Each structure stands twice: as structure tokens, then as C-alpha cells.
file structure-v4.txt (compact mmCIF, C-alpha atoms)
# COMPACT_ATOMS: atom_id res chain seq x y z
CA MET H 1 64.06 105.86 100.75
CA SER H 2 63.68 103.79 97.61
CA ASP H 3 63.80 104.07 93.83
CA ARG H 4 60.07 103.23 93.52
CA GLN H 5 60.48 99.58 92.58
CA LYS H 6 57.04 98.02 92.77
CA GLY H 7 58.18 94.91 94.60
CA LEU H 8 60.15 96.96 97.11
CA LEU H 9 57.25 99.30 97.82
CA LYS H 10 54.97 96.34 98.47
CA ALA H 11 57.50 94.70 100.78
CA ILE H 12 58.00 97.92 102.78
CA SER H 13 54.25 98.37 103.23
CA GLU H 14 53.93 94.80 104.53
CA VAL H 15 57.03 94.52 106.71
CA PHE H 16 57.35 98.15 107.88
CA SER H 17 53.73 99.21 107.85
CA ASN H 18 54.33 102.28 110.05
CA ALA H 19 57.44 103.49 108.24
CA PHE H 20 57.37 106.61 106.09
CA ASN H 21 58.77 106.00 102.63
CA ARG H 22 60.51 108.61 100.50
CA TYR H 23 61.28 108.36 96.80
CA CYS H 24 64.77 109.13 95.57
CA ALA H 25 64.54 112.36 93.58
CA ARG H 26 67.49 111.34 91.42
CA HIS H 27 65.64 108.26 90.17
CA ILE H 28 62.49 110.30 89.57
CA PHE H 29 64.59 112.84 87.69
CA ALA H 30 66.13 110.09 85.52
CA ASN H 31 62.66 109.17 84.26
CA PHE H 32 61.48 112.77 84.18
CA LYS H 33 64.26 114.04 81.92
CA SER H 34 63.74 111.20 79.43
CA TYR H 35 60.23 112.51 78.77
CA PHE H 36 60.90 116.22 79.28
CA PRO H 37 64.47 117.15 78.26
CA ASP H 38 63.97 120.92 78.48
CA VAL H 39 66.71 122.40 80.71
CA LYS H 40 64.35 124.91 82.33
CA VAL H 41 61.94 122.18 83.36
CA ARG H 42 64.76 120.04 84.72
CA ASN H 43 66.11 122.89 86.87
CA LEU H 44 62.63 123.68 88.16
CA PHE H 45 62.18 120.04 89.13
CA TRP H 46 65.11 120.25 91.54
CA ALA H 47 63.82 123.57 92.86
CA ALA H 48 60.49 121.91 93.63
CA SER H 49 62.13 118.87 95.19
CA ARG H 50 64.36 120.94 97.48
CA SER H 51 61.69 123.45 98.50
CA THR H 52 61.31 123.64 102.27
CA ASN H 53 57.96 125.45 102.24
CA ILE H 54 54.77 125.29 100.24
CA LYS H 55 55.23 128.78 98.79
CA ASP H 56 58.54 127.99 97.08
CA PHE H 57 57.17 124.64 95.95
CA ASN H 58 54.16 126.24 94.28
CA VAL H 59 56.38 128.81 92.54
CA ALA H 60 58.55 126.04 91.09
CA MET H 61 55.55 123.96 90.02
CA GLU H 62 53.88 126.95 88.37
CA GLY H 63 57.12 127.55 86.48
CA ILE H 64 57.06 123.95 85.24
CA LYS H 65 53.42 124.34 84.26
CA ALA H 66 54.18 127.47 82.25
CA VAL H 67 56.98 125.75 80.34
CA ASP H 68 55.47 122.30 79.83
CA LEU H 69 51.99 121.31 80.98
CA GLY H 70 52.78 117.63 80.40
CA ALA H 71 55.71 117.77 82.82
CA TYR H 72 53.51 119.42 85.43
CA THR H 73 50.86 116.72 85.06
CA TRP H 74 53.50 113.96 85.19
CA LEU H 75 54.84 115.22 88.52
CA LYS H 76 51.39 115.77 90.02
CA ASP H 77 50.72 112.04 89.66
CA ILE H 78 53.51 111.30 92.17
CA PRO H 79 52.56 111.86 95.84
CA VAL H 80 54.29 115.08 96.81
CA ASP H 81 55.06 113.91 100.34
CA ASN H 82 57.39 111.29 98.86
CA TRP H 83 59.73 113.54 96.88
CA SER H 84 59.58 117.19 98.07
CA LYS H 85 61.19 118.44 101.28
CA HIS H 86 58.35 120.70 102.35
CA ALA H 87 55.95 117.76 102.58
CA PHE H 88 58.24 115.40 104.48
CA GLY H 89 57.30 114.35 107.97
CA THR H 90 59.04 116.42 110.63
CA ASP H 91 59.55 113.57 113.10
CA VAL H 92 62.68 112.47 111.26
CA LYS H 93 65.20 115.31 111.07
CA VAL H 94 66.73 114.30 107.74
CA ASP H 95 66.58 116.54 104.68
CA HIS H 96 67.91 114.10 102.06
CA VAL H 97 65.97 113.89 98.80
CA THR H 98 68.29 111.32 97.19
CA ASN H 99 69.62 107.97 98.36
CA ASN H 100 73.24 108.91 97.69
CA LEU H 101 74.08 107.40 101.07
CA THR H 102 73.93 104.03 99.36
CA GLU H 103 76.92 105.06 97.24
CA SER H 104 78.96 105.41 100.42
CA PHE H 105 77.89 101.93 101.45
CA ASN H 106 78.73 100.54 98.02
CA SER H 107 82.22 102.02 98.20
CA GLN H 108 82.73 100.37 101.59
CA ILE H 109 81.84 96.89 100.33
CA ASP H 110 83.40 97.22 96.89
CA SER H 111 86.36 95.02 97.81
CA ILE H 112 84.25 92.25 99.37
CA ARG H 113 81.05 92.19 97.33
CA ASN H 114 82.24 89.30 95.13
CA LYS H 115 83.09 86.99 98.01
CA PRO H 116 80.99 83.91 98.86
CA ILE H 117 78.07 84.59 101.16
CA LEU H 118 79.72 83.42 104.40
CA GLN H 119 82.91 85.37 103.79
CA LEU H 120 80.84 88.38 102.75
CA VAL H 121 78.79 88.37 105.96
CA GLU H 122 81.92 87.87 108.04
CA SER H 123 83.65 90.78 106.31
CA LEU H 124 80.62 93.00 106.88
CA ARG H 125 80.55 92.03 110.55
CA THR H 126 84.20 92.97 110.94
CA LYS H 127 83.74 96.29 109.15
CA VAL H 128 80.72 97.28 111.24
CA MET H 129 82.42 96.18 114.45
CA LYS H 130 85.44 98.39 113.72
CA LYS H 131 83.25 101.29 112.57
CA PHE H 132 81.23 101.28 115.79
CA SER H 133 84.34 101.28 117.95
CA LYS H 134 86.08 103.96 115.90
CA ARG H 135 83.13 106.36 115.92
CA GLU H 136 82.48 105.90 119.61
CA GLN H 137 86.09 106.74 120.45
CA LYS H 138 86.02 109.71 118.08
CA ALA H 139 82.87 111.13 119.66
CA LYS H 140 84.46 111.03 123.11
CA ASP H 141 87.03 113.59 121.95
CA TRP H 142 84.45 116.17 120.86
CA LEU H 143 84.61 119.33 122.93
CA THR H 144 81.06 120.54 122.21
CA ASP H 145 77.59 119.12 122.73
CA LEU H 146 77.00 118.92 118.98
CA PRO H 147 78.62 116.66 116.36
CA PRO H 148 80.94 118.44 113.90
CA SER H 149 78.51 118.11 110.98
CA VAL H 150 75.70 119.66 113.02
CA ARG H 151 78.01 122.35 114.34
CA ALA H 152 78.99 123.24 110.75
CA LYS H 153 75.34 123.82 109.81
CA VAL H 154 74.77 125.84 112.98
CA ASN H 155 77.74 128.08 112.16
CA LYS H 156 76.46 128.52 108.60
CA PHE H 157 73.00 129.62 109.76
CA GLN H 158 74.55 131.92 112.36
CA ARG H 159 76.59 133.72 109.71
CA GLU H 160 73.55 134.09 107.45
CA GLY H 161 71.42 135.50 110.28
CA ARG H 162 73.80 138.21 111.48
CA HIS H 163 72.27 141.09 109.55
CA ILE H 164 68.60 140.07 109.69
CA GLN H 165 66.25 142.45 111.49
CA VAL H 166 64.19 140.92 114.30
CA ILE H 167 61.05 142.20 116.03
CA HIS H 168 60.12 140.47 119.29
CA VAL H 169 56.33 140.39 119.37
CA GLY H 170 56.15 138.86 122.83
CA ASN H 171 56.37 135.50 124.56
CA SER H 172 58.02 133.20 122.01
CA GLU H 173 56.90 134.87 118.78
CA PHE H 174 59.09 136.90 116.45
CA GLU H 175 58.64 138.75 113.20
CA VAL H 176 61.77 138.55 111.08
CA LEU H 177 62.33 141.08 108.31
CA HIS H 178 64.45 139.39 105.69
CA GLU H 179 64.01 141.40 102.52
CA PRO H 180 62.11 140.99 100.35
CA VAL H 181 59.97 138.76 102.59
CA THR H 182 58.80 138.66 106.19
CA VAL H 183 58.75 135.37 108.09
CA LEU H 184 57.30 134.40 111.45
CA VAL H 185 59.20 132.38 114.06
CA ASP H 186 57.61 130.63 117.03
CA PHE H 187 60.06 129.24 119.59
CA SER H 188 57.40 127.43 121.60
CA LYS H 189 56.65 125.22 118.57
CA ALA H 190 60.16 125.30 117.06
CA ILE H 191 58.83 126.39 113.69
CA CYS H 192 59.67 129.01 111.07
CA ASP H 193 57.76 129.96 107.95
CA CYS H 194 60.76 129.05 105.79
CA GLY H 195 60.40 125.41 106.89
CA VAL H 196 64.11 124.75 107.44
CA TRP H 197 63.92 124.46 111.23
CA GLN H 198 61.17 121.83 111.10
CA ILE H 199 62.96 119.68 108.51
CA TYR H 200 66.58 119.98 109.61
CA GLY H 201 66.00 120.05 113.35
CA ILE H 202 68.46 122.95 113.51
CA PRO H 203 67.39 126.60 113.97
CA CYS H 204 67.41 128.30 110.58
CA LYS H 205 69.01 131.68 109.88
CA HIS H 206 65.81 133.47 110.93
CA ALA H 207 65.69 131.57 114.22
CA MET H 208 69.41 132.19 114.72
CA ALA H 209 68.80 135.91 114.39
CA CYS H 210 66.15 135.63 117.12
CA ILE H 211 68.50 133.63 119.37
CA THR H 212 71.19 136.27 118.93
CA HIS H 213 68.63 138.96 119.71
CA LEU H 214 67.70 137.21 122.97
CA GLY H 215 71.30 136.38 123.85
CA VAL H 216 70.52 132.80 124.87
CA SER H 217 72.18 129.47 124.13
CA LEU H 218 71.15 127.71 120.94
CA ILE H 219 71.76 124.16 122.22
CA PRO H 220 68.23 123.70 123.67
CA TYR H 221 66.73 124.59 120.29
CA VAL H 222 68.60 121.88 118.36
CA ALA H 223 66.70 118.59 118.06
CA SER H 224 67.79 116.10 120.69
CA CYS H 225 68.40 113.41 118.06
CA LEU H 226 71.22 115.57 116.66
CA SER H 227 73.12 115.94 119.94
CA LYS H 228 76.39 114.35 120.96
CA GLU H 229 74.54 112.24 123.51
CA ALA H 230 72.28 110.76 120.83
CA TYR H 231 75.31 110.09 118.63
CA MET H 232 77.02 108.24 121.48
CA LEU H 233 73.91 106.14 122.09
CA THR H 234 73.82 105.20 118.41
CA TYR H 235 77.21 103.51 118.69
CA ALA H 236 76.90 102.35 122.30
CA GLY H 237 75.97 98.84 121.24
CA LYS H 238 78.74 96.35 120.63
CA ILE H 239 79.19 93.64 118.04
CA HIS H 240 81.04 91.01 120.02
CA PRO H 241 83.93 89.07 118.47
CA ILE H 242 83.45 85.51 117.26
CA PRO H 243 85.98 82.79 118.18
CA ASP H 244 87.78 80.75 115.57
CA GLU H 245 85.69 78.17 113.74
CA SER H 246 87.81 75.33 115.13
CA SER H 247 86.48 76.04 118.63
CA TRP H 248 82.81 76.05 117.65
CA PRO H 249 80.63 73.31 119.20
CA GLN H 250 79.88 70.35 116.98
CA ILE H 251 76.23 70.05 115.98
CA LYS H 252 74.78 66.75 114.85
CA GLY H 253 72.56 66.59 111.84
CA ASP H 254 72.65 67.13 108.12
CA LYS H 255 75.15 69.64 106.85
CA VAL H 256 73.64 72.60 105.07
CA HIS H 257 75.10 73.19 101.63
CA PRO H 258 74.70 76.31 99.50
CA PRO H 259 72.33 76.09 96.54
CA ALA H 260 73.72 75.06 93.19
CA ASN H 261 74.99 78.08 91.32
CA LYS H 262 74.64 77.84 87.57
CA ARG H 263 77.04 80.19 85.89
CA LYS H 264 75.52 82.28 83.15
CA PRO H 265 77.31 82.64 79.81
CA GLY H 266 79.60 85.61 79.35
CA ARG H 267 81.63 87.67 81.75
CA SER H 268 79.95 88.68 84.99
CA LYS H 269 79.14 92.38 85.26
CA LEU H 270 80.64 93.91 88.39
CA ALA H 271 80.13 97.63 87.83
CA ARG H 272 76.73 99.18 88.36
CA ARG H 273 74.73 100.48 85.44
CA THR H 274 75.29 104.17 84.82
CA GLU H 275 72.87 106.74 83.45
CA SER H 276 73.18 107.87 79.85
CA ASP H 277 74.40 111.34 80.86
CA GLU H 278 76.50 110.18 83.80
CA LEU H 279 80.22 110.80 83.50
CA ALA H 280 82.14 107.53 83.50
CA SER H 281 85.02 107.29 85.94
CA HIS H 282 87.58 106.42 83.27
CA LYS H 283 86.77 109.43 81.13
CA ARG H 284 88.40 112.84 81.46
CA SER H 285 86.66 114.79 84.21
CA TYR H 286 88.02 118.19 83.19
CA VAL H 287 87.77 120.46 80.16
CA LEU H 288 90.71 120.40 77.76
CA ARG H 289 91.63 124.00 76.94
CA CYS H 290 94.38 125.25 74.61
CA GLY H 291 97.04 127.44 76.18
CA VAL H 292 97.58 129.39 72.94
CA CYS H 293 94.17 130.20 71.47
CA LYS H 294 92.17 129.40 74.66
CA ALA H 295 89.76 127.24 72.67
CA ILE H 296 88.20 124.10 74.15
CA GLY H 297 88.85 120.62 72.79
CA HIS H 298 92.61 120.59 72.17
CA ASN H 299 95.90 121.62 73.78
CA LYS H 300 98.70 123.88 72.58
CA ARG H 301 100.66 120.97 71.10
CA THR H 302 97.83 120.12 68.69
CA CYS H 303 96.56 123.67 68.21
CA PRO H 304 95.56 124.26 64.55
CA ASN H 305 96.24 127.99 64.87
CA VAL H 306 99.98 127.49 65.42
CA PRO H 307 102.06 127.16 62.19
CA SER H 308 103.65 123.77 61.74
CA HIS H 309 107.18 125.23 61.55
CA ALA H 310 106.64 127.00 64.87
CA LYS H 311 105.74 123.84 66.76
CA LYS H 312 108.54 122.55 68.92
CA LYS H 313 109.86 119.21 67.84
CA LYS H 314 110.70 116.48 70.26
CA LYS H 315 114.34 115.65 70.78
CA SER H 316 113.60 112.08 69.80
CA ASP H 317 112.46 113.33 66.38
CA GLU H 318 115.85 114.90 65.61
CA LEU H 319 118.63 112.93 63.92
CA ALA H 320 121.39 112.65 66.49
CA PRO H 321 124.90 111.69 65.24
CA GLY H 322 125.97 108.23 66.32
CA LYS H 323 122.38 107.02 66.68
CA CYS H 324 121.06 103.87 65.05
CA THR H 325 117.50 104.19 63.76
CA GLY H 326 116.00 101.11 62.18
CA ASN H 327 118.14 99.99 59.25
CA PHE H 328 120.45 103.03 59.17
CA PHE H 329 123.41 104.34 61.15
CA ILE H 330 123.57 108.13 61.49
CA LEU H 331 127.03 109.64 61.12
CA THR H 332 125.96 113.24 60.70
CA SER H 333 122.70 115.01 60.03
CA ARG H 334 123.48 114.70 56.29
CA LEU H 335 125.27 111.33 56.12
CA ILE H 336 123.43 108.06 56.83
CA ILE H 337 124.93 104.61 56.19
CA PRO H 338 122.96 101.34 56.06
CA THR H 339 123.58 99.20 59.13
CA HIS H 340 124.16 96.07 57.03
CA CYS H 341 127.44 97.61 55.80
CA ASP H 342 130.45 95.90 57.41
CA PRO H 343 132.12 98.43 59.78
CA SER H 344 135.51 96.73 59.16
CA SER H 345 135.36 97.34 55.43
CA LEU H 346 137.57 99.98 53.87
CA VAL H 347 134.55 101.68 52.28
CA PHE H 348 132.85 102.20 55.64
CA SER H 349 136.11 103.40 57.21
CA ALA H 350 136.77 105.89 54.43
CA ILE H 351 133.26 107.32 54.52
CA ALA H 352 133.23 107.55 58.31
CA THR H 353 136.66 109.22 58.45
CA ALA H 354 135.71 111.74 55.79
CA ALA H 355 132.45 112.57 57.52
CA SER H 356 133.74 112.85 61.05
CA PRO H 357 137.13 111.89 62.45
CA GLN H 358 135.57 110.76 65.74
CA TYR H 359 133.94 107.79 63.97
CA GLN H 360 137.23 106.56 62.50
CA VAL H 361 137.41 102.77 62.65
CA GLN H 362 140.59 101.47 64.30

call {"tool": "encode", "arguments": {"input": "structure-v4.txt", "output": "C-alpha cells"}}
result
Amino acid sequence: MSDRQKGLLKAISEVFSNAFNRYCARHIFANFKSYFPDVKVRNLFWAASRSTNIKDFNVAMEGIKAVDLGAYTWLKDIPVDNWSKHAFGTDVKVDHVTNNLTESFNSQIDSIRNKPILQLVESLRTKVMKKFSKREQKAKDWLTDLPPSVRAKVNKFQREGRHIQVIHVGNSEFEVLHEPVTVLVDFSKAICDCGVWQIYGIPCKHAMACITHLGVSLIPYVASCLSKEAYMLTYAGKIHPIPDESSWPQIKGDKVHPPANKRKPGRSKLARRTESDELASHKRSYVLRCGVCKAIGHNKRTCPNVPSHAKKKKKSDELAPGKCTGNFFILTSRLIIPTHCDPSSLVFSAIATAASPQYQVQ
């Protein structure tokens, strides 16, 4: 999956000629919304991208066409099998339409990405080595034949298929009545008209209703690549440890030096570029709501609907006796003496004694 960079697409076609390439829907959407900012069109774009069958896709595209013909034409120029679920190849049981997985990778290498190349590669090797070992040990403790993430989807589809009516036509064919539509399920081909089973590799809610009707195990109907066994094989390989550099064999010849690095003017940018409508991490991620008038944008302390005399003052704002504030010494709430006045003078003593006996100067 890529963001449609021309150089990257060319490289993939040359190096991985047999690989199927998907386009990240989020990057397509970033360009799409800059040309067509209408909210209805933007919502219909995601409906079209996440459609698992041609019927739902056509409904979404017709909705876009009705709102903005230019948006419809713009999307039609992009090969549909690169950005919509229903047109994805079914050999790979992955339903992702965005490359958000790269964000997980970026968070993993955030602390090491600024290291020199050798230290960076060594840090990556160590991280991957530990990750393989950790996941292999974790998988050994699973009590079922399915990974937890797959089991969660299975449970979800089972709950959704509890009250769906099923008609067994014969052999491996079923007619499923899920109002307001009727879908066909064929167990011999592991397909359903909704398209979810083919894309996810997990029986959809319609297929789950059929499995419940037959009273058979669902494990054989889950794609083999999603099983615990396949997960264990993924992490069966080992990245072997490397001894200390001091014990490496000495190799004769010229020493390879890194290329000269010319520092560009200005501070280096470490954070990735964010979209114009993307919420920055340092900004408030919640809505500020007043507890008095329930309006948005302020709190009860700064509420304009509360009279100023009713607002509670801070204790620090009150004049406390015996407190020195700036150039004045507070004797009482009504008597303030400049601090430059000599406390040993008779004038200060007389004023202090008259104001409050507890401040009498000995």
C-alpha cells in the first residue's frame, strides 16, 4: 500500500512485478477534499472506499454523482481496484484501506530515528529480535486455534447473525433473509453476496447464521492464514544475536567511511508534516464546556453570564493581615504601611499598636 508517489509506483512495478498495489484512501481523501470540500461528498467517498460489494459501491458513487459530477469524474480516473474494498484481490485476507500501520511503526522507531545509520540498524535489529521472541511466546499461551484479534471478529459476526433467518437450499448453498435484503451464501466456494467473507477471510454474519443452523464448527471456514498455526510460523524464524564488535574478524582493505553530510541551514525538522485539518498533539483534544450556562468555548470561571460580584475570588487575591505585598506591609484590611518605614521607629510602633495589638513592636 502506498500514497501514490510516482517514483514509488514505478519502483514497485519493477522490483515487485507480481505484487498487488493498493492506494491509501486517506491520502486520496486528502487530495479529494481539497477539490471537493462538500461534507456529503466526503462522507460518500468513505462509504465507497469501505464498500465490500459492488452494489453498495455503486450506491455511494451514484450519491457522489448526484451531489457533484466533478467529484464523481475525479474518482473514476483512479483505478477502483486500488482504493475500494470490493475490488481488492481476495488472495490476501486484509481489509485495510489506509496505511495507518505505518504510524505504529513510526511510533516504535521514534526514539531511534535520529541515530546514525549503523546505530539505527542495530537498534532496529534488537527491536525486531525481541518482538519475534515475545510474540512467539505469547502465541504459545493461546487456548484456541485462532488469534485473539481474529476471535474478536468471529464473536462479533456471531452476535450479529443470531437472529438472521436461514433457508438451506441444499448441498452447500443457503438463502439468508436479512431484511430488507436477501443474500446468498455458498460454503463450497466460501463466498457471500455481502463480500465480507471473501475479503476478511472470516465468515460474515450471514455465514455465521448458516454455521449455527448446521451446528458445525466454524474453524474450518476461517482462512488458514488467520490461524494460530500460521501466526506461529510467522514468528518461527530467529534473528540471531551478534557478538561484540571487539571479537569481529579483522578484514584487510580500505575502510569504508560514510558519505560527507552537509548540514542544511536552520533547525532540522523531526516531526512529520500534518494535514491542514489534522488535530495537533499539543492542542486541546476535548471540547471546553461551561458548567454554568453549558455553552462551548469557556468554563464557569470565565463565564460572561455570571455577575462579577458573584465570581469566587482566589484566596491569594484577598489582603491577608501580616502579609507583605510588593512595597507595602498589610496590618489590617484597612491599614497598609509602606515597607520602607523603619519598624523600630516610634511612628511605626504607634500605628501598629493602634491598629492591632498583636503587631506591637517590642

call {"tool": "closest_residue", "arguments": {"input": "structure-v4.txt", "among": "H:Ala139, H:Val150, H:Leu214, H:Cys303", "to": "Tyr231 (chain H)", "atoms": "only C-alpha atoms"}}
result
H:Ala139

call {"tool": "closest_residue", "arguments": {"input": "structure-v4.txt", "among": "H:Lys55, H:Lys140, H:Arg22, H:Lys255", "to": "Val181 (chain H)", "atoms": "all atoms listed in the file"}}
result
H:Lys55

call {"tool": "closest_residue", "arguments": {"input": "structure-v4.txt", "among": "H:Met129, H:Leu143, H:Val121, H:Ala25", "to": "Val80 (chain H)", "atoms": "all atoms listed in the file"}}
result
H:Ala25

call {"tool": "closest_residue", "arguments": {"input": "structure-v4.txt", "among": "H:Ala47, H:Val97, H:Ala87, H:Met232", "to": "Tyr23 (chain H)", "atoms": "all atoms listed in the file"}}
result
H:Val97

call {"tool": "atom_distance", "arguments": {"input": "structure-v4.txt", "atom1": "CA of Gly237 (chain H)", "atom2": "CA of Thr126 (chain H)"}}
result
14.4 Å

call {"tool": "residues_near_point", "arguments": {"input": "structure-v4.txt", "point": "(55.6, 126.3, 118.9)", "cutoff": "12 Å", "atoms": "all atoms listed in the file", "output": "PyMOL selection string"}}
result
chain H and resi 171-174+184-193+197-198+221

call {"tool": "closest_residue", "arguments": {"input": "structure-v4.txt", "among": "H:Leu118, H:Ile54, H:Met1, H:Ile296", "to": "Asn82 (chain H)", "atoms": "all atoms listed in the file"}}
result
H:Met1

call {"tool": "atom_distance", "arguments": {"input": "structure-v4.txt", "atom1": "CA of Glu136 (chain H)", "atom2": "CA of Ala236 (chain H)"}}
result
7.1 Å

call {"tool": "residues_around", "arguments": {"input": "structure-v4.txt", "residues": "Ala223 (chain H)", "least_positions_apart": "2", "cutoff": "12 Å", "atoms": "all atoms listed in the file", "output": "list in words"}}
result
Thr90, Asp91, Val92, Lys93, Val94, Asp145, Leu146, Val150, Val154, Ala190, Ile191, Trp197, Gln198, Ile199, Tyr200, Gly201, Ile202, Pro203, Leu218, Ile219, Pro220, Tyr221, Cys225, Leu226, Ser227, Lys228, Glu229 and Ala230 of chain H

call {"tool": "atom_distance", "arguments": {"input": "structure-v4.txt", "atom1": "CA of Lys40 (chain H)", "atom2": "CA of Thr98 (chain H)"}}
result
20.5 Å

call {"tool": "residues_around", "arguments": {"input": "structure-v4.txt", "residues": "Gln158 (chain H)", "least_positions_apart": "5", "cutoff": "10 Å", "atoms": "only C-alpha atoms", "output": "ChimeraX atom specification"}}
result
/H:152-153,163,203-209,211-212

call {"tool": "residues_around", "arguments": {"input": "structure-v4.txt", "residues": "Ala19 (chain H)", "least_positions_apart": "2", "cutoff": "12 Å", "atoms": "only C-alpha atoms", "output": "PDB file with C-alpha atoms, in the frame of the given file"}}
result
ATOM      1  CA  MET H   1      64.060 105.860 100.750  1.00  0.00           C
ATOM      2  CA  LEU H   9      57.250  99.300  97.820  1.00  0.00           C
ATOM      3  CA  ALA H  11      57.500  94.700 100.780  1.00  0.00           C
ATOM      4  CA  ILE H  12      58.000  97.920 102.780  1.00  0.00           C
ATOM      5  CA  SER H  13      54.250  98.370 103.230  1.00  0.00           C
ATOM      6  CA  GLU H  14      53.930  94.800 104.530  1.00  0.00           C
ATOM      7  CA  VAL H  15      57.030  94.520 106.710  1.00  0.00           C
ATOM      8  CA  PHE H  16      57.350  98.150 107.880  1.00  0.00           C
ATOM      9  CA  SER H  17      53.730  99.210 107.850  1.00  0.00           C
ATOM     10  CA  ASN H  21      58.770 106.000 102.630  1.00  0.00           C
ATOM     11  CA  ARG H  22      60.510 108.610 100.500  1.00  0.00           C
ATOM     12  CA  GLY H  89      57.300 114.350 107.970  1.00  0.00           C
ATOM     13  CA  ASP H  91      59.550 113.570 113.100  1.00  0.00           C
ATOM     14  CA  VAL H  92      62.680 112.470 111.260  1.00  0.00           C
TER      15      VAL H  92
END

call {"tool": "residues_around", "arguments": {"input": "structure-v4.txt", "residues": "Gly70 (chain H)", "least_positions_apart": "4", "cutoff": "12 Å", "atoms": "only C-alpha atoms", "output": "ChimeraX atom specification"}}
result
/H:32,35-38,41,61,64-66,74-77

call {"tool": "write_last_selection", "arguments": {"input": "structure-v4.txt", "atoms": "C-alpha atoms", "output": "PDB file, in the frame of the given file"}}
result
ATOM      1  CA  PHE H  32      61.480 112.770  84.180  1.00  0.00           C
ATOM      2  CA  TYR H  35      60.230 112.510  78.770  1.00  0.00           C
ATOM      3  CA  PHE H  36      60.900 116.220  79.280  1.00  0.00           C
ATOM      4  CA  PRO H  37      64.470 117.150  78.260  1.00  0.00           C
ATOM      5  CA  ASP H  38      63.970 120.920  78.480  1.00  0.00           C
ATOM      6  CA  VAL H  41      61.940 122.180  83.360  1.00  0.00           C
ATOM      7  CA  MET H  61      55.550 123.960  90.020  1.00  0.00           C
ATOM      8  CA  ILE H  64      57.060 123.950  85.240  1.00  0.00           C
ATOM      9  CA  LYS H  65      53.420 124.340  84.260  1.00  0.00           C
ATOM     10  CA  ALA H  66      54.180 127.470  82.250  1.00  0.00           C
ATOM     11  CA  TRP H  74      53.500 113.960  85.190  1.00  0.00           C
ATOM     12  CA  LEU H  75      54.840 115.220  88.520  1.00  0.00           C
ATOM     13  CA  LYS H  76      51.390 115.770  90.020  1.00  0.00           C
ATOM     14  CA  ASP H  77      50.720 112.040  89.660  1.00  0.00           C
TER      15      ASP H  77
END
